[in-house]
$ cat protein_12.pdb   # PDB, C-alpha atoms, pLDDT in the B column
ATOM      1  CA  MET O1491       7.292 -31.429   5.514  1.00 47.00           C
ATOM      2  CA  LYS O1492       5.075 -30.171   8.340  1.00 47.00           C
ATOM      3  CA  ARG O1493       5.962 -26.577   7.512  1.00 51.00           C
ATOM      4  CA  ARG O1494       5.022 -27.162   3.856  1.00 50.00           C
ATOM      5  CA  PHE O1495       1.618 -28.511   4.834  1.00 43.00           C
ATOM      6  CA  LEU O1496       1.144 -25.628   7.255  1.00 50.00           C
ATOM      7  CA  LEU O1497       1.833 -23.081   4.527  1.00 54.00           C
ATOM      8  CA  HIS O1498      -0.564 -24.835   2.152  1.00 55.00           C
ATOM      9  CA  GLY O1499      -3.278 -24.899   4.775  1.00 57.00           C
ATOM     10  CA  LEU O1500      -3.027 -21.280   5.881  1.00 60.00           C
ATOM     11  CA  PRO O1501      -5.086 -19.755   3.046  1.00 60.00           C
ATOM     12  CA  LEU O1502      -7.956 -22.080   3.872  1.00 57.00           C
ATOM     13  CA  LEU O1503      -7.472 -21.351   7.554  1.00 59.00           C
ATOM     14  CA  GLY O1504      -7.654 -17.683   6.633  1.00 59.00           C
ATOM     15  CA  ALA O1505     -10.864 -18.284   4.727  1.00 57.00           C
ATOM     16  CA  ALA O1506     -12.299 -20.201   7.658  1.00 55.00           C
ATOM     17  CA  ALA O1507     -11.795 -17.122   9.803  1.00 52.00           C
ATOM     18  CA  LEU O1508     -14.297 -15.081   7.814  1.00 47.00           C
ATOM     19  CA  GLY O1509     -17.784 -16.001   8.826  1.00 45.00           C
ATOM     20  CA  LEU O1510     -18.313 -18.182  11.904  1.00 45.00           C
ATOM     21  CA  ARG O1511     -21.441 -17.130  13.813  1.00 42.00           C
ATOM     22  CA  LEU O1512     -21.246 -13.625  12.380  1.00 42.00           C
ATOM     23  CA  ASN O1513     -24.098 -11.460  11.154  1.00 45.00           C
ATOM     24  CA  ALA O1514     -23.782  -8.599   8.681  1.00 46.00           C
ATOM     25  CA  ALA O1515     -24.728  -5.871  11.152  1.00 47.00           C
ATOM     26  CA  TRP O1516     -22.062  -7.013  13.599  1.00 46.00           C
ATOM     27  CA  ALA O1517     -19.474  -7.147  10.821  1.00 46.00           C
ATOM     28  CA  ALA O1518     -20.253  -3.563   9.865  1.00 49.00           C
ATOM     29  CA  GLU O1519     -19.664  -2.344  13.416  1.00 70.00           C
ATOM     30  CA  GLU O1520     -16.627  -4.439  14.295  1.00 79.00           C
ATOM     31  CA  ALA O1521     -13.150  -3.127  13.515  1.00 84.00           C
ATOM     32  CA  PRO O1522     -11.360  -5.225  10.868  1.00 89.00           C
ATOM     33  CA  ASP O1523      -8.513  -6.294  13.153  1.00 91.00           C
ATOM     34  CA  ALA O1524     -10.929  -7.242  15.930  1.00 88.00           C
ATOM     35  CA  LEU O1525     -12.979  -9.179  13.395  1.00 81.00           C
ATOM     36  CA  ILE O1526      -9.960 -11.112  12.131  1.00 86.00           C
ATOM     37  CA  GLY O1527      -8.735 -11.814  15.657  1.00 88.00           C
ATOM     38  CA  ARG O1528     -12.055 -13.142  16.905  1.00 80.00           C
ATOM     39  CA  LEU O1529     -12.818 -15.226  13.829  1.00 76.00           C
ATOM     40  CA  THR O1530      -9.322 -16.663  13.550  1.00 82.00           C
ATOM     41  CA  GLN O1531      -9.646 -18.007  17.074  1.00 84.00           C
ATOM     42  CA  GLU O1532     -13.053 -19.488  16.246  1.00 79.00           C
ATOM     43  CA  ALA O1533     -11.591 -21.083  13.111  1.00 78.00           C
ATOM     44  CA  LEU O1534      -8.755 -22.638  15.107  1.00 83.00           C
ATOM     45  CA  ASP O1535     -11.285 -23.981  17.594  1.00 83.00           C
ATOM     46  CA  ILE O1536     -13.310 -25.624  14.830  1.00 80.00           C
ATOM     47  CA  ILE O1537     -10.225 -27.196  13.255  1.00 81.00           C
ATOM     48  CA  GLN O1538      -9.263 -28.531  16.653  1.00 84.00           C
ATOM     49  CA  ALA O1539     -12.698 -30.042  17.300  1.00 86.00           C
ATOM     50  CA  ASP O1540     -14.057 -31.078  13.874  1.00 88.00           C
ATOM     51  CA  LYS O1541     -12.646 -34.479  12.934  1.00 88.00           C
ATOM     52  CA  ALA O1542     -13.940 -34.279   9.354  1.00 88.00           C
ATOM     53  CA  VAL O1543     -12.189 -30.956   8.766  1.00 85.00           C
ATOM     54  CA  GLN O1544      -8.996 -32.321  10.319  1.00 81.00           C
ATOM     55  CA  ALA O1545      -9.153 -35.270   7.931  1.00 82.00           C
ATOM     56  CA  GLY O1546      -9.431 -32.979   4.916  1.00 79.00           C
ATOM     57  CA  ASP O1547     -13.014 -34.072   4.113  1.00 83.00           C
ATOM     58  CA  VAL O1548     -13.743 -31.969   1.011  1.00 79.00           C
ATOM     59  CA  GLY O1549     -17.503 -32.313   1.369  1.00 82.00           C
ATOM     60  CA  ARG O1550     -17.452 -31.141   4.972  1.00 85.00           C
ATOM     61  CA  ILE O1551     -15.087 -28.253   4.228  1.00 79.00           C
ATOM     62  CA  MET O1552     -17.267 -27.175   1.290  1.00 78.00           C
ATOM     63  CA  GLU O1553     -20.309 -27.305   3.564  1.00 80.00           C
ATOM     64  CA  VAL O1554     -18.569 -25.125   6.144  1.00 74.00           C
ATOM     65  CA  MET O1555     -17.531 -22.656   3.444  1.00 73.00           C
ATOM     66  CA  ASP O1556     -21.047 -22.379   1.989  1.00 74.00           C
ATOM     67  CA  GLN O1557     -22.758 -21.997   5.354  1.00 71.00           C
ATOM     68  CA  LYS O1558     -20.239 -20.013   7.358  1.00 68.00           C
ATOM     69  CA  ILE O1559     -17.717 -18.375   5.072  1.00 69.00           C
ATOM     70  CA  MET O1560     -19.012 -17.347   1.678  1.00 72.00           C
ATOM     71  CA  PRO O1561     -21.405 -14.614   2.971  1.00 70.00           C
ATOM     72  CA  PHE O1562     -18.379 -12.790   4.377  1.00 73.00           C
ATOM     73  CA  LEU O1563     -15.946 -13.351   1.548  1.00 80.00           C
ATOM     74  CA  ASP O1564     -15.915 -11.168  -1.571  1.00 89.00           C
ATOM     75  CA  PHE O1565     -15.336 -14.213  -3.726  1.00 90.00           C
ATOM     76  CA  GLN O1566     -16.451 -12.531  -6.929  1.00 93.00           C
ATOM     77  CA  ARG O1567     -13.721  -9.936  -6.470  1.00 94.00           C
ATOM     78  CA  MET O1568     -11.193 -12.662  -5.688  1.00 94.00           C
ATOM     79  CA  THR O1569     -12.135 -14.560  -8.842  1.00 96.00           C
ATOM     80  CA  SER O1570     -12.241 -11.515 -11.094  1.00 97.00           C
ATOM     81  CA  SER O1571      -8.845 -10.380  -9.813  1.00 96.00           C
ATOM     82  CA  ALA O1572      -7.385 -13.837 -10.382  1.00 96.00           C
ATOM     83  CA  VAL O1573      -8.805 -14.000 -13.921  1.00 97.00           C
ATOM     84  CA  GLY O1574      -7.564 -10.491 -14.716  1.00 95.00           C
ATOM     85  CA  PRO O1575      -8.611  -8.499 -17.827  1.00 94.00           C
ATOM     86  CA  GLY O1576     -10.361 -11.540 -19.285  1.00 94.00           C
ATOM     87  CA  TRP O1577     -13.075 -11.198 -16.632  1.00 97.00           C
ATOM     88  CA  ARG O1578     -14.515  -8.152 -18.416  1.00 95.00           C
ATOM     89  CA  GLN O1579     -15.057 -10.162 -21.599  1.00 92.00           C
ATOM     90  CA  ALA O1580     -16.537 -13.176 -19.801  1.00 97.00           C
ATOM     91  CA  THR O1581     -20.281 -13.787 -20.069  1.00 97.00           C
ATOM     92  CA  PRO O1582     -22.417 -14.103 -16.905  1.00 97.00           C
ATOM     93  CA  GLU O1583     -22.487 -17.870 -17.393  1.00 97.00           C
ATOM     94  CA  GLN O1584     -18.698 -18.009 -17.768  1.00 98.00           C
ATOM     95  CA  ARG O1585     -18.264 -15.908 -14.628  1.00 97.00           C
ATOM     96  CA  THR O1586     -20.507 -18.257 -12.668  1.00 97.00           C
ATOM     97  CA  ARG O1587     -18.517 -21.263 -13.884  1.00 97.00           C
ATOM     98  CA  LEU O1588     -15.216 -19.568 -13.083  1.00 97.00           C
ATOM     99  CA  GLN O1589     -16.272 -18.811  -9.519  1.00 95.00           C
ATOM    100  CA  ALA O1590     -17.544 -22.353  -8.963  1.00 94.00           C
ATOM    101  CA  GLU O1591     -14.435 -24.035 -10.367  1.00 95.00           C
ATOM    102  CA  PHE O1592     -12.083 -21.631  -8.569  1.00 94.00           C
ATOM    103  CA  LYS O1593     -13.793 -22.282  -5.226  1.00 90.00           C
ATOM    104  CA  THR O1594     -13.576 -26.045  -5.746  1.00 89.00           C
ATOM    105  CA  LEU O1595      -9.914 -25.723  -6.716  1.00 88.00           C
ATOM    106  CA  LEU O1596      -9.061 -23.788  -3.565  1.00 84.00           C
ATOM    107  CA  VAL O1597     -10.922 -26.171  -1.271  1.00 80.00           C
ATOM    108  CA  ARG O1598      -9.420 -29.290  -2.840  1.00 77.00           C
ATOM    109  CA  THR O1599      -5.941 -27.776  -2.975  1.00 73.00           C
ATOM    110  CA  TYR O1600      -5.849 -26.936   0.720  1.00 71.00           C
ATOM    111  CA  SER O1601      -8.150 -29.528   2.292  1.00 67.00           C
ATOM    112  CA  GLY O1602      -5.383 -32.123   2.574  1.00 62.00           C
ATOM    113  CA  ALA O1603      -3.367 -29.788   4.759  1.00 62.00           C
ATOM    114  CA  MET O1604      -6.065 -29.275   7.376  1.00 62.00           C
ATOM    115  CA  SER O1605      -4.950 -32.287   9.402  1.00 59.00           C
ATOM    116  CA  GLN O1606      -1.660 -30.459   9.948  1.00 65.00           C
ATOM    117  CA  ALA O1607      -3.283 -27.189  11.065  1.00 69.00           C
ATOM    118  CA  LYS O1608      -3.798 -28.183  14.692  1.00 73.00           C
ATOM    119  CA  ASN O1609      -2.404 -26.839  17.950  1.00 80.00           C
ATOM    120  CA  LEU O1610      -1.775 -23.418  16.437  1.00 84.00           C
ATOM    121  CA  THR O1611      -1.872 -20.001  18.088  1.00 88.00           C
ATOM    122  CA  PHE O1612      -1.840 -16.536  16.566  1.00 91.00           C
ATOM    123  CA  SER O1613      -1.178 -12.893  17.341  1.00 94.00           C
ATOM    124  CA  LEU O1614      -2.328  -9.691  15.680  1.00 95.00           C
ATOM    125  CA  LYS O1615       0.125  -7.035  14.577  1.00 93.00           C
ATOM    126  CA  PRO O1616      -0.728  -3.338  15.028  1.00 92.00           C
ATOM    127  CA  MET O1617      -2.880  -2.160  12.137  1.00 89.00           C
ATOM    128  CA  ARG O1618      -1.866   0.996  10.293  1.00 85.00           C
ATOM    129  CA  SER O1619      -5.102   2.598   9.146  1.00 83.00           C
ATOM    130  CA  SER O1620      -7.522   5.459   9.723  1.00 85.00           C
ATOM    131  CA  PRO O1621     -11.177   5.145  10.776  1.00 81.00           C
ATOM    132  CA  GLU O1622     -12.289   6.438   7.372  1.00 85.00           C
ATOM    133  CA  ASP O1623     -10.299   3.847   5.397  1.00 91.00           C
ATOM    134  CA  LYS O1624     -12.370   1.485   3.259  1.00 92.00           C
ATOM    135  CA  ASP O1625      -9.501  -0.840   2.300  1.00 94.00           C
ATOM    136  CA  VAL O1626      -7.090  -2.185   4.930  1.00 95.00           C
ATOM    137  CA  ILE O1627      -4.552  -4.915   5.609  1.00 95.00           C
ATOM    138  CA  VAL O1628      -4.669  -6.883   8.846  1.00 94.00           C
ATOM    139  CA  ARG O1629      -1.450  -8.713   9.654  1.00 94.00           C
ATOM    140  CA  THR O1630      -1.284 -11.799  11.846  1.00 93.00           C
ATOM    141  CA  LEU O1631       1.412 -14.196  12.960  1.00 91.00           C
ATOM    142  CA  ILE O1632       0.526 -17.897  13.081  1.00 88.00           C
ATOM    143  CA  LYS O1633       2.596 -19.937  15.512  1.00 88.00           C
ATOM    144  CA  GLY O1634       3.027 -23.712  15.537  1.00 82.00           C
ATOM    145  CA  ARG O1635       5.891 -26.108  16.064  1.00 79.00           C
ATOM    146  CA  GLY O1636       8.133 -24.486  13.458  1.00 80.00           C
ATOM    147  CA  ASP O1637       8.965 -20.885  12.713  1.00 84.00           C
ATOM    148  CA  PRO O1638       6.085 -18.385  12.949  1.00 87.00           C
ATOM    149  CA  VAL O1639       4.325 -17.711   9.638  1.00 86.00           C
ATOM    150  CA  GLN O1640       2.981 -14.287   8.695  1.00 89.00           C
ATOM    151  CA  LEU O1641      -0.554 -14.349   7.286  1.00 89.00           C
ATOM    152  CA  ASP O1642      -2.035 -11.067   6.079  1.00 93.00           C
ATOM    153  CA  TYR O1643      -5.612 -10.284   5.104  1.00 92.00           C
ATOM    154  CA  ARG O1644      -6.731  -7.573   2.705  1.00 94.00           C
ATOM    155  CA  LEU O1645     -10.241  -6.360   3.483  1.00 94.00           C
ATOM    156  CA  GLU O1646     -12.668  -3.878   1.982  1.00 94.00           C
ATOM    157  CA  LYS O1647     -15.649  -2.239   3.650  1.00 91.00           C
ATOM    158  CA  THR O1648     -18.625  -2.909   1.417  1.00 84.00           C
ATOM    159  CA  PRO O1649     -21.763  -0.716   1.301  1.00 80.00           C
ATOM    160  CA  GLY O1650     -25.425  -1.591   0.816  1.00 70.00           C
ATOM    161  CA  GLU O1651     -27.125  -4.867   1.693  1.00 65.00           C
ATOM    162  CA  GLY O1652     -24.802  -7.157   3.628  1.00 64.00           C
ATOM    163  CA  ALA O1653     -22.479  -4.227   4.297  1.00 71.00           C
ATOM    164  CA  GLY O1654     -19.370  -4.840   6.358  1.00 84.00           C
ATOM    165  CA  TRP O1655     -15.727  -5.822   6.127  1.00 88.00           C
ATOM    166  CA  LYS O1656     -15.014  -8.591   3.637  1.00 90.00           C
ATOM    167  CA  ILE O1657     -11.736 -10.276   2.744  1.00 89.00           C
ATOM    168  CA  TYR O1658     -10.694 -10.435  -0.886  1.00 93.00           C
ATOM    169  CA  ASN O1659      -7.061 -11.546  -0.720  1.00 93.00           C
ATOM    170  CA  LEU O1660      -4.614 -13.405   1.530  1.00 89.00           C
ATOM    171  CA  ASN O1661      -0.851 -13.127   1.828  1.00 91.00           C
ATOM    172  CA  VAL O1662       1.349 -15.967   3.090  1.00 84.00           C
ATOM    173  CA  LEU O1663       5.040 -15.157   3.554  1.00 81.00           C
ATOM    174  CA  GLY O1664       4.876 -12.224   1.144  1.00 86.00           C
ATOM    175  CA  VAL O1665       2.931 -13.996  -1.607  1.00 89.00           C
ATOM    176  CA  TRP O1666      -0.627 -12.855  -2.363  1.00 93.00           C
ATOM    177  CA  LEU O1667      -2.925 -15.769  -3.152  1.00 90.00           C
ATOM    178  CA  VAL O1668      -4.861 -14.015  -5.923  1.00 93.00           C
ATOM    179  CA  ASP O1669      -1.690 -12.773  -7.614  1.00 92.00           C
ATOM    180  CA  THR O1670      -0.301 -16.299  -7.725  1.00 91.00           C
ATOM    181  CA  TYR O1671      -3.358 -17.615  -9.522  1.00 94.00           C
ATOM    182  CA  ARG O1672      -3.541 -14.580 -11.840  1.00 95.00           C
ATOM    183  CA  SER O1673      -0.203 -15.552 -13.354  1.00 91.00           C
ATOM    184  CA  GLN O1674      -1.358 -19.135 -13.942  1.00 92.00           C
ATOM    185  CA  PHE O1675      -4.768 -18.125 -15.292  1.00 96.00           C
ATOM    186  CA  SER O1676      -3.280 -15.527 -17.626  1.00 95.00           C
ATOM    187  CA  GLN O1677      -1.251 -18.182 -19.420  1.00 94.00           C
ATOM    188  CA  GLU O1678      -4.331 -20.358 -19.877  1.00 95.00           C
ATOM    189  CA  ILE O1679      -6.465 -17.477 -21.169  1.00 96.00           C
ATOM    190  CA  ASN O1680      -3.800 -16.344 -23.618  1.00 95.00           C
ATOM    191  CA  ALA O1681      -3.509 -19.874 -24.991  1.00 96.00           C
ATOM    192  CA  LYS O1682      -7.098 -21.130 -24.844  1.00 95.00           C
ATOM    193  CA  GLY O1683      -9.422 -18.256 -23.918  1.00 97.00           C
ATOM    194  CA  ILE O1684     -11.926 -18.117 -21.049  1.00 97.00           C
ATOM    195  CA  ASP O1685     -13.594 -21.401 -22.017  1.00 97.00           C
ATOM    196  CA  GLY O1686     -10.167 -23.007 -22.085  1.00 97.00           C
ATOM    197  CA  LEU O1687      -9.446 -21.793 -18.551  1.00 97.00           C
ATOM    198  CA  ILE O1688     -12.790 -23.130 -17.342  1.00 97.00           C
ATOM    199  CA  ALA O1689     -12.065 -26.490 -18.980  1.00 97.00           C
ATOM    200  CA  THR O1690      -8.601 -26.634 -17.416  1.00 96.00           C
ATOM    201  CA  LEU O1691      -9.943 -25.854 -13.944  1.00 96.00           C
ATOM    202  CA  SER O1692     -12.704 -28.421 -14.362  1.00 96.00           C
ATOM    203  CA  GLU O1693     -10.236 -31.102 -15.438  1.00 95.00           C
ATOM    204  CA  ARG O1694      -7.919 -30.290 -12.547  1.00 92.00           C
ATOM    205  CA  ASN O1695     -10.793 -30.499 -10.066  1.00 91.00           C
ATOM    206  CA  LYS O1696     -11.919 -33.842 -11.480  1.00 91.00           C
ATOM    207  CA  ALA O1697      -8.369 -35.184 -11.216  1.00 89.00           C
ATOM    208  CA  ASN O1698      -8.154 -33.968  -7.620  1.00 80.00           C
ATOM    209  CA  ALA O1699     -11.498 -35.636  -6.858  1.00 81.00           C
ATOM    210  CA  VAL O1700     -10.167 -38.934  -8.183  1.00 76.00           C
ATOM    211  CA  GLY O1701      -7.110 -38.500  -5.996  1.00 65.00           C
ATOM    212  CA  ASP O1702      -9.345 -37.865  -2.969  1.00 59.00           C
ATOM    213  CA  THR O1703     -11.266 -41.069  -3.683  1.00 58.00           C
ATOM    214  CA  LYS O1704      -8.084 -43.131  -4.002  1.00 56.00           C
ATOM    215  CA  SER O1705      -6.712 -41.660  -0.778  1.00 53.00           C
ATOM    216  CA  ALA O1706      -9.921 -42.469   1.061  1.00 53.00           C
ATOM    217  CA  LYS O1707      -9.831 -46.077  -0.158  1.00 54.00           C
ATOM    218  CA  GLY O1708      -6.155 -46.391   0.691  1.00 52.00           C
TER     219      GLY O1708
END
$ encode --input "protein_12.pdb" --output "structure tokens"
Amino acid sequence: MKRRFLLHGLPLLGAAALGLRLNAAWAAEEAPDALIGRLTQEALDIIQADKAVQAGDVGRIMEVMDQKIMPFLDFQRMTSSAVGPGWRQATPEQRTRLQAEFKTLLVRTYSGAMSQAKNLTFSLKPMRSSPEDKDVIVRTLIKGRGDPVQLDYRLEKTPGEGAGWKIYNLNVLGVWLVDTYRSQFSQEINAKGIDGLIATLSERNKANAVGDTKSAKG
């Protein structure tokens, strides 16, 4: 049971490692593996100290994401990759809705596992890349009470304003997060279209919110 909660919480832990006390200029200069190593440790420290995050407080986790994480996460790329070919046909309004509902889904899906993500350590694996690479994978090993869990990050080096390394996918035990959702979203789009996918995500988020309220009262 603890291992299942740990696996569920790792993607959010990975997201939490993206933006704590980081500015864009620093991100541009810092090597991707050094960035992941430093921020992962900061994320673990916050989980250890923040009681609201430990309790899976969705509001607090959303606040942390908006303030600390989102500027350093290529969430539009994550969402567009998860939606697949349908993203190209989506209107700007539909894309905005998709990103908002997808973010809420991820936070609510993994927030309940945060109470289990304590007393963890990690190590970085050697990174196979060249200085000129713009797209890399950083591999880490998360260690807790059970067997170590491999958590990989795929990053791209973005140009222009806010340039720097940004994460756009996470891999837990050989399964890429975006790919998992792409399969689910594809079925919804084929059956109901983009608006149908948005409606399904919205309904799922509302149901999860009701579950959060019941859990809090219980």
$ atom_distance --input "protein_12.pdb" --atom1 "atom CA of O:Met1552" --atom2 "atom CA of O:Lys1656"
18.9 Å
$ resolve_selection --input "protein_12.pdb" --expression "the PyMOL selection byres ((chain O and resi 1633) around 9)" --output "CSV table (one decimal) with C-alpha atoms, in the coordinates of the input"
chain,number,residue,atom,x,y,z
O,1609,ASN,CA,-2.4,-26.8,18.0
O,1610,LEU,CA,-1.8,-23.4,16.4
O,1611,THR,CA,-1.9,-20.0,18.1
O,1612,PHE,CA,-1.8,-16.5,16.6
O,1613,SER,CA,-1.2,-12.9,17.3
O,1631,LEU,CA,1.4,-14.2,13.0
O,1632,ILE,CA,0.5,-17.9,13.1
O,1634,GLY,CA,3.0,-23.7,15.5
O,1635,ARG,CA,5.9,-26.1,16.1
O,1636,GLY,CA,8.1,-24.5,13.5
O,1637,ASP,CA,9.0,-20.9,12.7
O,1638,PRO,CA,6.1,-18.4,12.9
O,1639,VAL,CA,4.3,-17.7,9.6
O,1640,GLN,CA,3.0,-14.3,8.7
$ atom_distance --input "protein_12.pdb" --atom1 "atom CA of O:Gln1557" --atom2 "atom CA of O:Leu1588"
20.1 Å
$ closest_residue --input "protein_12.pdb" --among "O:Tyr1643, O:Arg1618, O:Ile1684, O:Glu1519" --to "O:Arg1578" --atoms "only C-alpha atoms"
O:Ile1684
$ resolve_selection --input "protein_12.pdb" --expression "the PyMOL selection byres ((chain O and resi 1591) around 12)" --output "number ranges by chain"
O: 1565, 1569, 1584-1590, 1592-1599, 1685, 1687-1696
$ closest_residue --input "protein_12.pdb" --among "O:Asn1680, O:Asn1661, O:Gln1544, O:Thr1581" --to "O:Tyr1600" --atoms "all atoms listed in the file"
O:Gln1544
$ residues_around --input "protein_12.pdb" --residues "O:Ala1524" --least-positions-apart "5" --cutoff "10 Å" --atoms "only C-alpha atoms" --output "ChimeraX atom specification"
/O:1517,1529-1530,1614,1628
$ axis_aligned_box --input "protein_12.pdb" --around "stretch 1580-1591 of chain O" --padding-each-side "6 Å" --output "AutoDock Vina command-line options"
--center_x -18.5 --center_y -18.6 --center_z -14.5 --size_x 20.1 --size_y 22.9 --size_z 23.1
